[in-house]
Every structure is written in C-alpha cells, then in structure tokens.
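This is run-v7.txt. It holds compact mmCIF, C-alpha atoms and all ligand atoms.
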```
# COMPACT_ATOMS: atom_id res chain seq x y z
CA MET A 1 111.53 87.39 92.17
CA SER A 2 110.08 86.16 95.41
CA LEU A 3 107.57 87.97 97.56
CA PRO A 4 106.28 86.80 100.96
CA TYR A 5 103.31 84.40 101.02
CA GLY A 6 103.74 83.66 97.30
CA ARG A 7 102.33 87.09 96.49
CA VAL A 8 102.73 88.58 93.01
CA TYR A 9 103.42 92.13 91.84
CA ASN A 10 99.85 93.36 92.04
CA PHE A 11 99.21 96.34 89.75
CA SER A 12 95.48 96.35 90.52
CA ALA A 13 93.80 99.74 90.10
CA GLY A 14 91.54 99.07 93.05
CA PRO A 15 91.09 97.54 95.45
CA GLY A 16 94.86 97.75 95.46
CA ALA A 17 97.82 96.51 97.44
CA ILE A 18 98.00 96.91 101.23
CA PRO A 19 101.36 96.96 103.08
CA VAL A 20 102.33 93.44 104.18
CA PRO A 21 103.18 94.45 107.79
CA VAL A 22 99.67 95.94 108.06
CA LEU A 23 98.06 92.74 106.77
CA GLU A 24 100.11 90.75 109.25
CA GLU A 25 99.10 92.93 112.19
CA ALA A 26 95.45 92.83 111.12
CA ARG A 27 95.65 89.04 110.81
CA ASP A 28 97.13 88.73 114.28
CA ASN A 29 94.36 90.85 115.74
CA MET A 30 91.56 89.19 113.83
CA MET A 31 90.91 86.37 116.29
CA ASN A 32 91.59 88.15 119.56
CA TYR A 33 92.33 91.86 119.55
CA GLN A 34 95.19 92.57 121.94
CA GLY A 35 93.96 89.96 124.40
CA CYS A 36 90.44 91.33 124.82
CA GLY A 37 88.98 87.94 123.81
CA VAL A 38 87.21 88.90 120.57
CA GLY A 39 88.36 90.04 117.15
CA VAL A 40 87.93 93.55 115.73
CA MET A 41 85.08 92.46 113.44
CA GLU A 42 83.12 91.06 116.36
CA MET A 43 83.00 93.89 118.87
CA SER A 44 80.53 96.72 119.45
CA HIS A 45 81.44 99.90 117.62
CA ARG A 46 80.32 101.76 120.75
CA GLY A 47 82.41 99.71 123.19
CA LYS A 48 85.55 100.93 124.90
CA VAL A 49 87.95 98.96 122.71
CA TYR A 50 86.56 100.07 119.38
CA THR A 51 86.18 103.65 120.61
CA GLU A 52 89.93 103.68 121.05
CA ILE A 53 90.49 102.16 117.59
CA ALA A 54 88.27 104.88 116.09
CA ALA A 55 90.11 107.60 118.02
CA ASN A 56 93.41 106.26 116.70
CA ALA A 57 92.14 106.30 113.11
CA ASP A 58 91.25 109.96 113.57
CA LYS A 59 94.53 110.79 115.30
CA TYR A 60 96.77 109.01 112.81
CA VAL A 61 95.12 110.38 109.69
CA ARG A 62 95.35 113.90 111.14
CA GLN A 63 99.02 113.37 111.86
CA LEU A 64 99.81 111.78 108.49
CA MET A 65 97.92 114.32 106.38
CA GLY A 66 98.61 117.38 108.57
CA ILE A 67 94.89 118.08 108.93
CA PRO A 68 94.22 121.42 110.68
CA ASP A 69 91.98 121.52 113.77
CA ASN A 70 89.15 123.28 111.96
CA TYR A 71 88.56 120.21 109.81
CA LYS A 72 86.32 117.26 110.66
CA VAL A 73 87.36 113.71 109.80
CA LEU A 74 84.63 111.23 108.89
CA PHE A 75 84.62 107.60 107.79
CA LEU A 76 81.42 107.12 105.77
CA HIS A 77 79.78 104.38 103.73
CA GLY A 78 79.03 104.21 100.05
CA GLY A 79 82.51 104.74 98.66
CA ALA A 80 83.66 107.82 96.81
CA SER A 81 80.68 107.46 94.47
CA LEU A 82 78.14 108.28 97.16
CA GLN A 83 80.09 111.46 97.91
CA PHE A 84 79.37 112.64 94.35
CA THR A 85 75.72 112.83 95.39
CA MET A 86 76.13 113.69 99.03
CA LEU A 87 78.35 116.73 98.56
CA ALA A 88 75.97 118.13 95.95
CA MET A 89 72.93 117.60 98.20
CA ASN A 90 74.67 119.25 101.13
CA PHE A 91 76.53 122.10 99.45
CA MET A 92 74.84 122.89 96.13
CA ASN A 93 71.30 122.41 97.33
CA GLY A 94 69.53 123.67 94.22
CA GLY A 95 72.08 126.43 93.55
CA GLN A 96 75.02 126.08 91.24
CA ALA A 97 78.52 124.68 91.38
CA ASP A 98 81.53 124.33 89.09
CA TYR A 99 83.13 121.08 87.96
CA VAL A 100 86.50 120.44 86.37
CA THR A 101 86.42 117.24 84.33
CA THR A 102 89.70 115.54 83.56
CA GLY A 103 88.54 111.93 83.24
CA THR A 104 86.02 109.22 83.95
CA TRP A 105 85.48 109.86 87.65
CA GLY A 106 85.06 113.58 87.20
CA LYS A 107 82.39 112.86 84.60
CA LYS A 108 80.50 110.73 87.09
CA ALA A 109 80.82 113.46 89.71
CA ILE A 110 79.29 116.15 87.50
CA GLU A 111 76.51 113.83 86.34
CA ALA A 112 75.55 113.11 89.94
CA GLY A 113 75.92 116.78 90.89
CA GLY A 114 73.63 117.87 88.07
CA LEU A 115 70.71 116.11 89.74
CA HIS A 116 70.90 118.56 92.67
CA GLY A 117 71.42 121.95 91.02
CA ILE A 118 73.18 123.56 88.08
CA ALA A 119 76.51 121.78 87.64
CA THR A 120 78.69 123.71 85.19
CA ALA A 121 81.68 122.11 83.47
CA ILE A 122 84.18 124.97 83.53
CA PHE A 123 86.79 122.65 82.04
CA ASP A 124 86.42 119.35 80.20
CA ALA A 125 89.40 117.59 78.62
CA LYS A 126 87.22 115.42 76.37
CA ALA A 127 88.56 116.93 73.13
CA THR A 128 92.04 115.54 73.80
CA GLY A 129 90.86 112.19 75.15
CA TYR A 130 91.28 113.23 78.81
CA ASP A 131 95.05 113.41 78.76
CA ASN A 132 95.59 116.63 80.73
CA ALA A 133 94.53 118.83 83.63
CA PRO A 134 94.35 122.63 83.56
CA ALA A 135 96.38 125.06 85.65
CA PHE A 136 94.12 126.10 88.53
CA GLY A 137 94.75 129.76 87.74
CA ASP A 138 93.39 129.35 84.18
CA LEU A 139 89.92 128.34 85.31
CA ASN A 140 87.03 130.77 84.97
CA HIS A 141 84.73 130.28 87.91
CA THR A 142 80.99 130.92 87.68
CA PRO A 143 79.96 133.83 89.89
CA GLY A 144 77.89 132.47 92.78
CA ALA A 145 79.13 128.89 92.39
CA LYS A 146 78.95 127.14 95.76
CA TYR A 147 82.12 125.13 95.22
CA CYS A 148 84.51 123.92 92.54
CA HIS A 149 84.87 120.15 92.28
CA PHE A 150 87.81 118.35 90.70
CA THR A 151 89.43 114.91 90.67
CA MET A 152 93.06 115.21 91.70
CA ASN A 153 94.18 111.98 90.07
CA GLU A 154 92.07 110.40 87.34
CA THR A 155 92.62 106.73 88.03
CA ILE A 156 91.69 105.40 84.59
CA GLN A 157 93.48 107.99 82.45
CA GLY A 158 96.45 108.42 84.81
CA VAL A 159 96.12 112.21 84.77
CA ASP A 160 97.00 114.23 87.88
CA PHE A 161 97.00 117.96 88.69
CA LEU A 162 100.17 117.34 90.77
CA GLY A 163 99.58 120.35 92.98
CA ASP A 164 97.17 121.95 95.43
CA PRO A 165 94.65 124.58 94.34
CA PRO A 166 95.48 128.17 95.32
CA ALA A 167 94.15 129.88 98.44
CA ASP A 168 91.95 132.11 96.29
CA GLY A 169 88.68 132.08 98.20
CA ASN A 170 87.10 129.34 96.09
CA ASP A 171 85.74 126.37 97.98
CA TRP A 172 87.66 123.56 96.31
CA ILE A 173 86.20 120.08 96.76
CA CYS A 174 88.47 117.28 95.70
CA ASP A 175 88.07 113.58 94.96
CA MET A 176 91.46 112.21 96.04
CA SER A 177 90.50 108.54 95.96
CA SER A 178 93.52 107.33 94.00
CA CYS A 179 96.24 109.66 95.27
CA ILE A 180 95.39 110.47 98.88
CA ALA A 181 98.40 110.22 101.16
CA SER A 182 100.64 109.49 98.17
CA ARG A 183 102.43 112.82 98.48
CA GLU A 184 102.30 116.02 100.52
CA PHE A 185 99.06 118.00 100.37
CA ASP A 186 98.11 121.32 101.95
CA VAL A 187 94.72 120.40 103.41
CA SER A 188 93.98 124.04 104.28
CA ARG A 189 93.49 124.78 100.56
CA TYR A 190 90.38 122.62 100.39
CA ALA A 191 86.79 122.95 101.59
CA MET A 192 86.54 119.18 101.43
CA ILE A 193 88.64 116.18 100.45
CA TYR A 194 87.25 112.69 100.09
CA ALA A 195 88.68 109.31 99.13
CA GLY A 196 87.36 105.77 98.91
CA ALA A 197 89.67 103.64 101.04
CA GLN A 198 90.47 100.86 98.61
CA LYS A 199 93.24 102.52 96.59
CA ASN A 200 95.70 103.96 99.08
CA LEU A 201 94.18 103.65 102.54
CA GLY A 202 92.95 100.14 103.23
CA PRO A 203 90.13 97.71 102.49
CA ALA A 204 87.03 98.78 100.57
CA GLY A 205 84.04 99.68 102.70
CA THR A 206 84.77 103.11 104.01
CA CYS A 207 85.29 106.53 102.51
CA LEU A 208 87.46 109.11 104.23
CA VAL A 209 85.96 112.61 104.27
CA ILE A 210 87.94 115.64 105.46
CA LEU A 211 85.60 118.60 105.80
CA ARG A 212 86.25 122.20 106.77
CA GLU A 213 83.97 122.97 109.71
CA ASP A 214 82.30 126.08 108.36
CA MET A 215 80.90 124.08 105.43
CA LEU A 216 78.46 122.54 107.90
CA ASP A 217 76.65 125.88 108.20
CA ARG A 218 75.47 125.45 104.63
CA VAL A 219 73.84 122.05 105.06
CA PRO A 220 70.09 122.43 104.46
CA SER A 221 67.64 120.87 106.88
CA GLY A 222 65.54 117.89 105.95
CA LEU A 223 68.17 115.76 104.23
CA PRO A 224 67.96 111.99 104.72
CA PRO A 225 70.04 111.47 107.89
CA MET A 226 72.48 109.05 106.27
CA LEU A 227 73.24 111.70 103.62
CA ASP A 228 73.65 114.64 105.97
CA TYR A 229 77.19 115.71 106.95
CA LYS A 230 75.86 117.44 110.05
CA VAL A 231 74.32 114.20 111.28
CA ALA A 232 77.59 112.39 110.53
CA VAL A 233 79.60 114.95 112.50
CA GLU A 234 77.17 115.12 115.43
CA ASN A 235 77.36 111.35 115.75
CA ASP A 236 81.13 111.05 115.27
CA TRP A 237 80.46 109.13 112.02
CA MET A 238 78.56 106.49 113.98
CA TYR A 239 74.95 107.42 113.24
CA ASN A 240 74.81 103.78 112.22
CA THR A 241 77.37 100.99 112.39
CA PRO A 242 80.49 102.08 110.50
CA SER A 243 82.72 99.74 108.46
CA THR A 244 84.56 98.80 111.62
CA TRP A 245 87.12 96.44 110.10
CA SER A 246 87.92 98.71 107.19
CA VAL A 247 88.46 101.72 109.47
CA TYR A 248 90.64 99.61 111.76
CA VAL A 249 92.90 98.51 108.91
CA CYS A 250 93.01 102.10 107.62
CA SER A 251 94.28 103.20 111.02
CA LEU A 252 97.12 100.66 110.72
CA VAL A 253 97.90 101.96 107.24
CA PHE A 254 98.04 105.57 108.48
CA LYS A 255 100.41 104.51 111.26
CA HIS A 256 102.50 102.52 108.80
CA TRP A 257 103.18 105.58 106.63
CA ILE A 258 103.79 107.82 109.65
CA ASP A 259 106.49 105.37 110.74
CA PHE A 260 107.82 105.28 107.18
CA GLY A 261 108.68 108.97 107.57
CA GLY A 262 105.42 110.72 106.74
CA LEU A 263 104.21 112.04 103.41
CA SER A 264 107.46 113.72 102.39
CA ALA A 265 109.16 110.32 102.53
CA VAL A 266 106.18 108.64 100.83
CA GLN A 267 106.30 111.24 98.06
CA LYS A 268 110.00 110.64 97.36
CA TYR A 269 109.38 106.91 97.36
CA ASN A 270 106.48 107.22 94.90
CA GLU A 271 108.28 109.69 92.60
CA ASN A 272 111.16 107.29 92.36
CA LYS A 273 108.86 104.31 91.70
CA ALA A 274 106.98 106.07 88.90
CA ALA A 275 110.19 107.39 87.34
CA HIS A 276 111.38 103.85 86.62
CA ILE A 277 108.30 103.08 84.54
CA TYR A 278 108.11 106.46 82.79
CA THR A 279 111.79 106.12 81.91
CA ALA A 280 111.02 102.75 80.33
CA ILE A 281 108.22 104.37 78.31
CA ASP A 282 110.32 107.36 77.24
CA GLY A 283 113.32 105.19 76.43
CA SER A 284 111.38 102.84 74.15
CA ALA A 285 111.66 105.04 71.03
CA GLY A 286 107.87 105.27 70.80
CA PHE A 287 107.13 101.57 71.28
CA PHE A 288 105.30 102.41 74.51
CA LYS A 289 103.24 105.60 74.59
CA GLY A 290 102.09 107.21 77.82
CA HIS A 291 98.47 108.41 77.80
CA ALA A 292 98.87 111.49 80.01
CA GLN A 293 100.62 114.63 78.87
CA PHE A 294 104.04 115.09 80.45
CA ASN A 295 103.06 117.71 83.06
CA ASN A 296 100.11 115.67 84.34
CA ARG A 297 101.70 112.25 84.62
CA SER A 298 100.23 110.42 87.59
CA LEU A 299 102.53 108.90 90.19
CA MET A 300 99.88 106.28 90.95
CA ASN A 301 98.35 105.06 87.69
CA ILE A 302 100.49 104.84 84.58
CA SER A 303 98.35 104.29 81.49
CA PHE A 304 100.22 103.41 78.32
CA THR A 305 99.71 101.76 74.97
CA LEU A 306 101.69 99.52 72.62
CA PRO A 307 101.80 99.76 68.80
CA ASP A 308 98.85 97.40 68.22
CA GLU A 309 96.37 95.05 69.82
CA ASP A 310 98.37 91.87 69.13
CA LEU A 311 101.43 93.26 70.86
CA THR A 312 99.26 94.47 73.74
CA GLN A 313 97.88 90.96 74.25
CA LYS A 314 101.33 89.46 73.97
CA PHE A 315 102.68 91.95 76.51
CA LEU A 316 99.86 91.21 78.93
CA SER A 317 100.29 87.45 78.76
CA GLU A 318 104.09 87.47 78.93
CA SER A 319 104.17 90.00 81.75
CA LYS A 320 101.66 87.96 83.71
CA ALA A 321 103.71 84.81 83.23
CA ALA A 322 106.69 86.77 84.59
CA GLY A 323 104.77 87.66 87.76
CA PHE A 324 103.33 91.10 86.91
CA HIS A 325 99.58 90.92 87.44
CA GLU A 326 96.64 93.21 86.58
CA LEU A 327 98.38 95.31 83.95
CA LYS A 328 95.41 95.41 81.59
CA GLY A 329 94.19 98.94 80.99
CA HIS A 330 90.62 100.07 81.57
CA ARG A 331 88.38 99.19 78.62
CA SER A 332 87.65 102.89 77.97
CA VAL A 333 91.31 103.76 77.35
CA GLY A 334 92.64 100.37 76.22
CA GLY A 335 96.26 99.35 76.37
CA CYS A 336 97.88 98.83 79.75
CA ARG A 337 97.87 100.46 83.14
CA ALA A 338 100.32 100.00 85.98
CA SER A 339 98.75 101.11 89.25
CA ILE A 340 101.52 101.59 91.77
CA TYR A 341 99.83 102.81 94.92
CA ASN A 342 101.75 103.51 98.14
CA ALA A 343 101.86 99.85 99.14
CA PHE A 344 103.17 98.67 95.79
CA PRO A 345 106.86 97.79 96.32
CA ALA A 346 109.61 99.75 94.56
CA GLU A 347 111.31 96.55 93.38
CA GLY A 348 108.20 95.76 91.34
CA CYS A 349 108.63 99.04 89.45
CA VAL A 350 112.31 98.39 88.80
CA GLU A 351 111.53 94.89 87.55
CA LEU A 352 108.61 95.96 85.38
CA ALA A 353 110.74 98.68 83.78
CA LYS A 354 113.38 96.08 82.99
CA PHE A 355 110.77 93.74 81.56
CA MET A 356 109.33 96.54 79.40
CA GLY A 357 112.78 97.38 78.04
CA GLU A 358 113.42 93.77 77.07
CA PHE A 359 109.95 93.39 75.56
CA ALA A 360 110.35 96.52 73.41
CA LYS A 361 113.74 95.32 72.20
CA ALA A 362 112.43 91.87 71.30
CA ASN A 363 109.26 93.10 69.61
CA GLY A 364 110.00 96.63 68.37
C1 LIG A 401 87.88 104.31 92.50
C2 LIG A 401 87.50 105.74 92.38
C3 LIG A 401 86.20 106.20 92.64
C4 LIG A 401 85.07 105.26 93.01
O1 LIG A 401 85.23 104.76 94.27
P1 LIG A 401 84.09 103.86 94.96
O2 LIG A 401 84.57 103.77 96.34
O3 LIG A 401 84.06 102.57 94.23
O4 LIG A 401 82.81 104.60 94.84
C5 LIG A 401 85.95 107.54 92.55
N1 LIG A 401 86.90 108.41 92.21
C6 LIG A 401 88.17 108.01 91.94
C7 LIG A 401 89.19 109.03 91.57
C8 LIG A 401 88.50 106.67 92.01
O5 LIG A 401 89.75 106.27 91.74
```
Could you write out this structure as structure tokens?
Ligand SMILES: *Cc1c(COP(=O)(O)O)cnc(C)c1O
Amino acid sequence: MSLPYGRVYNFSAGPGAIPVPVLEEARDNMMNYQGCGVGVMEMSHRGKVYTEIAANADKYVRQLMGIPDNYKVLFLHGGASLQFTMLAMNFMNGGQADYVTTGTWGKKAIEAGGLHGIATAIFDAKATGYDNAPAFGDLNHTPGAKYCHFTMNETIQGVDFLGDPPADGNDWICDMSSCIASREFDVSRYAMIYAGAQKNLGPAGTCLVILREDMLDRVPSGLPPMLDYKVAVENDWMYNTPSTWSVYVCSLVFKHWIDFGGLSAVQKYNENKAAHIYTAIDGSAGFFKGHAQFNNRSLMNISFTLPDEDLTQKFLSESKAAGFHELKGHRSVGGCRASIYNAFPAEGCVELAKFMGEFAKANG
C-alpha cells in the first residue's frame, strides 16, 4: 500500500480526509493566488479577488447539490453546534418545535433547542441504544410545531435515514454534517440544511447553511446580529470576516465532486465503498457486529464491535500497524468506527475489508 506524500488510510470521523488534488491546488495557491501576489489567507474578504472566490463557492455548491433558486446559501462560523442554538432562536422563538433523536448529535440539538422554547422529542431511539431511525411517515408531529429537526446521519452511531423527508408541509430542518454531498438529496424537501465543513466539505472553520427564503420572514427582531439569519443574508454572510480559507477550500471540494460526475456518481462510489466493509462484517459469522440496524446503515460512518475488549485492542493496534489509522470507535459506543467520507479512497475500503477478513479468521 502506498499513498502519495506518505499518507495513511485516514478513517478519522472529523476533521476527515480531503481530496488530494484539492489539497495540492490549495497548496499551490497558498503563497500567491493565481498570480495576484498574495495568498488566499492574506487578502481582504471584501476585495475583488476574494469576492470571486466567494461567488464560486456559492455557484459550485448550488450546482453540486442542485439547490433551487429560492434557497439562500450561507457560510457561517461556530460549526454545526452553533446552528443548534441559532436555528432555535430564529425559528422557534419561544414557541414549540419537534425533534427526532437518533444519536448523540440529535441529543445535543434538542438540548440546545430546549433553551429557546418547547422542544418535543417525537422520536428517541435511546431504548435500543440509538441503532435506528424511524420512517418519516411514522412520526406524529405536534400541532403548531414550528419545524421538525433531525440528524440525517448520526456520525457516532453510524445511523442514517437514507432518504429525504416527504413533501408533507412540515418544515424539516436537517443536520447533514456527516453526510452532506455524499449522495443525492432533494433540497426542496427541507426548510433548512446545515453542515459543519470538516467531514465532507473541507477544513473546519465554516458551516454551510442552506435556507429556504421564506423562513426569513419568521426571524424575530432583536436577535444578536451574529446569530440572526436575516443579518447573515443581508450581508452575504460577511457581516464580519468569514473563514476565508475554509470557504475557499470548500469551493475547490465542490468543484472536485462536480468534475467527478456530480452526486449521482459520488453516491455510487460511496455505496460501493461501504459495501466492502459491511460485507466483511456480515461475512464474519458474528465476529464483527455492526451497530446500526440493517435499514439504517450509514455509508459514511461504520460503527462495529468485536467479541471482547482484548480483541478490540488487538484489532486496533494491528490495523494501525498495517496502515489503517483512526479506527477507534467513539467512547460512548465503544468498539471501532470506520469513517469513509467522500474523500476517503475506495482502495482503502477494499484493503480494510480484506484485513478484517484475515483478522477474523486468525482470531475467531
Ligand atoms: C461533527 C458533527 C457535529 C458538530 O460539528 P461542529 O462543527 O464541531 O460543531 C454536529 N452534527 C453532526 C451530525 C456531526 O457529525
């Protein structure tokens, strides 16, 4: 196994892998952006050059995600976690909203939401250890709820809805941090989508927000300006200095996946990648156990366990020695987790599956 620059197979859950050609282009433009004499990190966010970079970020993400014209695109600070608070301040505003909790991030979202109104858990998968997501049609919405929030892909548990919500008149708000742009989505089904950049989009530092325009009518007056979507929109997400470098690299990532063939091609690529590892789990006669129920298996984060703690430690050390890094699971679930975001190479999935098969045979 030999990757460029002595890189390893990086299964990090986040910040995660970035496509090598993107890193190379960013590197080349770091010292002197396309001959303008300064690097991207060193120029005014209001200057002509950066204005064009920002316009490209907007254009490419719209193209990649198929974002309709009645949606605003914003690149905000504070990661996905600040959105937990911001969306509740802007859209619940002392009223009530519904939350669907399928894992750790959804729990954080409802906790933050509950500080700004009545946040009702209309579904919580706690009883089964957060191993599944409901069918959208089975949810009972609270009359008068301002929105329904859910986490498309629970990064720690590896549980994904694997489909868009229905066009049923509910205002669905979705945390897509760990699966955005990993497959095709119908943006028109959502009132708002948001995603911290550091899983599938680029470097940490910015959070992509895709917001249906009419939601802005609901924003109350008197919010702190940095937490007000209307202020963000009116200032083209530059009320203050944005994460200029992060947004720039995100724009290269968007372009990279457009050139790859768009999200239908990305989806096929990711389905194939994940299938290698799930096949290794399913073919191990119970040696490896996947955490998520079959119908909610994430394409991005594969959480699995081994028969006991000693074997888990042995697997982690031997896999690392073989060049597979960051396979340790989150402490709340234990075991192992292979995060295989868009930029994680397919060969790494093939090789890990092979390694898992050999390990199970030798230790089962
Ligand atoms: C990583 C992650 C977050 C937190 O993102 P920050 O940018 O660190 O705030 C939230 N939700 C999901 C689904 C995540 O994967």
* **Contacts to ligand LIG 401 (chain A) at 9 Å cut-off (only C-alpha atoms and all ligand atoms) as a PyMOL selection string** => chain A and resi 13-15+77-84+103-106+108-109+151-156+175-179+194-199+204-207
* To do: Work out how far apart atom CA of A:Tyr71 and atom CA of A:Arg212 are and give it in Å to one decimal.
  =>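 Taking atom CA of A:Tyr71 as the start and atom CA of A:Arg212 as the end point, the length is 4.3 Å.
You will find atom CA of A:Ala280 at 21.0 Å from atom CA of A:Leu162.
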* Which one of A:Ile340, A:Ala127, A:Met41, A:Cys148 sits closest to A:Thr241 if you count all atoms listed in the file? ->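 Comparing A:Ile340, A:Ala127, A:Met41, A:Cys148 against A:Thr241, the winner is A:Met41.
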* To do: Find the distance between atom CA of A:Gly137 and atom CA of A:Phe150 and write it in Å to one decimal.
  =>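 The value is 13.7 Å.
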* Hey, can you pull every residue with an atom no more than 12 Å from (108.0, 106.8, 87.4), using only C-alpha atoms, and send it as a PyMOL selection string? -> chain A and resi 158+267-282+290+294+297-303+338-341+346+348-350+352-353
* Exercise: A:His291 partners within 10 Å, all atoms listed in the file, chain neighbours under 4 positions left out, as a PyMOL selection string -> chain A and resi 129-132+157-159+296-297+302-305+333+335-337
* Surrounding residues of A:Ala17 excluding itself and chain neighbours under 6 positions, 7 Å, only C-alpha atoms, as a list of chain:residue names -> A:Asn10, A:Ala343, A:Phe344
Padding of 5 Å on every side, edges along x, y and z, all listed atoms of stretch 71-89 of chain A included: what centre and edge lengths in Å, to one decimal, does that box have, as JSON?
```
{"center_x": 80.7, "center_y": 112.2, "center_z": 102.5, "size_x": 25.6, "size_y": 26.0, "size_z": 26.3}
```
* Nearest to A:Ile173 among A:His149, A:Lys48, A:Arg189, A:Arg62, with distances taken over all atoms listed in the file: which residue is it? ->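 Among A:His149, A:Lys48, A:Arg189, A:Arg62, it is A:His149 that comes nearest to A:Ile173.
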Report as a short mmCIF file (atom, residue, chain, number, x, y, z; two decimals) with C-alpha atoms, in the coordinates of the input all protein, DNA and RNA residues lying within 10 Å of A:Met356, evaluated on only C-alpha atoms, omitting residues in the same chain fewer than 4 positions from it.
```
data_model
loop_
_atom_site.label_atom_id
_atom_site.label_comp_id
_atom_site.auth_asym_id
_atom_site.auth_seq_id
_atom_site.Cartn_x
_atom_site.Cartn_y
_atom_site.Cartn_z
CA ILE A 277 108.30 103.08 84.54
CA ALA A 280 111.02 102.75 80.33
CA ILE A 281 108.22 104.37 78.31
CA GLY A 283 113.32 105.19 76.43
CA SER A 284 111.38 102.84 74.15
CA PHE A 287 107.13 101.57 71.28
CA PHE A 288 105.30 102.41 74.51
CA PHE A 315 102.68 91.95 76.51
CA SER A 319 104.17 90.00 81.75
CA GLU A 351 111.53 94.89 87.55
CA LEU A 352 108.61 95.96 85.38
CA ALA A 360 110.35 96.52 73.41
CA LYS A 361 113.74 95.32 72.20
CA ALA A 362 112.43 91.87 71.30
#
```
* To do: Would you please work out which residue, of A:Thr244, A:Asp124, A:Asp164, A:Gln293, is nearest to A:Asp186 when using only C-alpha atoms?
  =>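 Closest to A:Asp186 of all the choices is A:Asp164.
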* Asked: Between A:Ala135, A:Leu311, A:Leu216, A:Val266, which has the minimum distance to A:Asn200 (counting all atoms listed in the file)?
  -> A:Val266
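The residue that comes closest to A:Leu87, out of A:His116, A:His256, A:Lys314, A:Lys320 and on the basis of all atoms listed in the file, is A:His116.
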* **Selection: 12 Å around A:Pro68, all atoms listed in the file, excl. self and same-chain fewer than 3 positions, as a count of residues only** => 20
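Minimum atom-to-atom distance to A:Gly262, evaluated using all atoms listed in the file, belongs to A:Gly66 out of A:Gly66, A:Gly16, A:Gly47, A:Gly114.
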Nearby residues (all atoms listed in the file) at most 9 Å from A:Gly144, same-chain spacing under 5 positions excluded, as a PDB file with C-alpha atoms, keeping the file's coordinate frame:
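For reference, part-v5.pdb as written:
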```
ATOM      1  CA  GLY A  95      72.080 126.430  93.550  1.00  0.00           C
ATOM      2  CA  GLN A  96      75.020 126.080  91.240  1.00  0.00           C
ATOM      3  CA  ALA A  97      78.520 124.680  91.380  1.00  0.00           C
TER       4      ALA A  97
END
```
Could you give me, as a compact mmCIF listing (two decimals) with C-alpha atoms, in the coordinates of the input, the residues that sit within 10 Å of (85.1, 131.5, 84.5) in the file's coordinates, counting all atoms listed in the file?
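The new file out05.txt reads:
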```txt
# COMPACT_ATOMS: atom_id res chain seq x y z
CA ASP A 98 81.53 124.33 89.09
CA ILE A 122 84.18 124.97 83.53
CA PHE A 123 86.79 122.65 82.04
CA ASP A 138 93.39 129.35 84.18
CA LEU A 139 89.92 128.34 85.31
CA ASN A 140 87.03 130.77 84.97
CA HIS A 141 84.73 130.28 87.91
CA THR A 142 80.99 130.92 87.68
CA PRO A 143 79.96 133.83 89.89
```
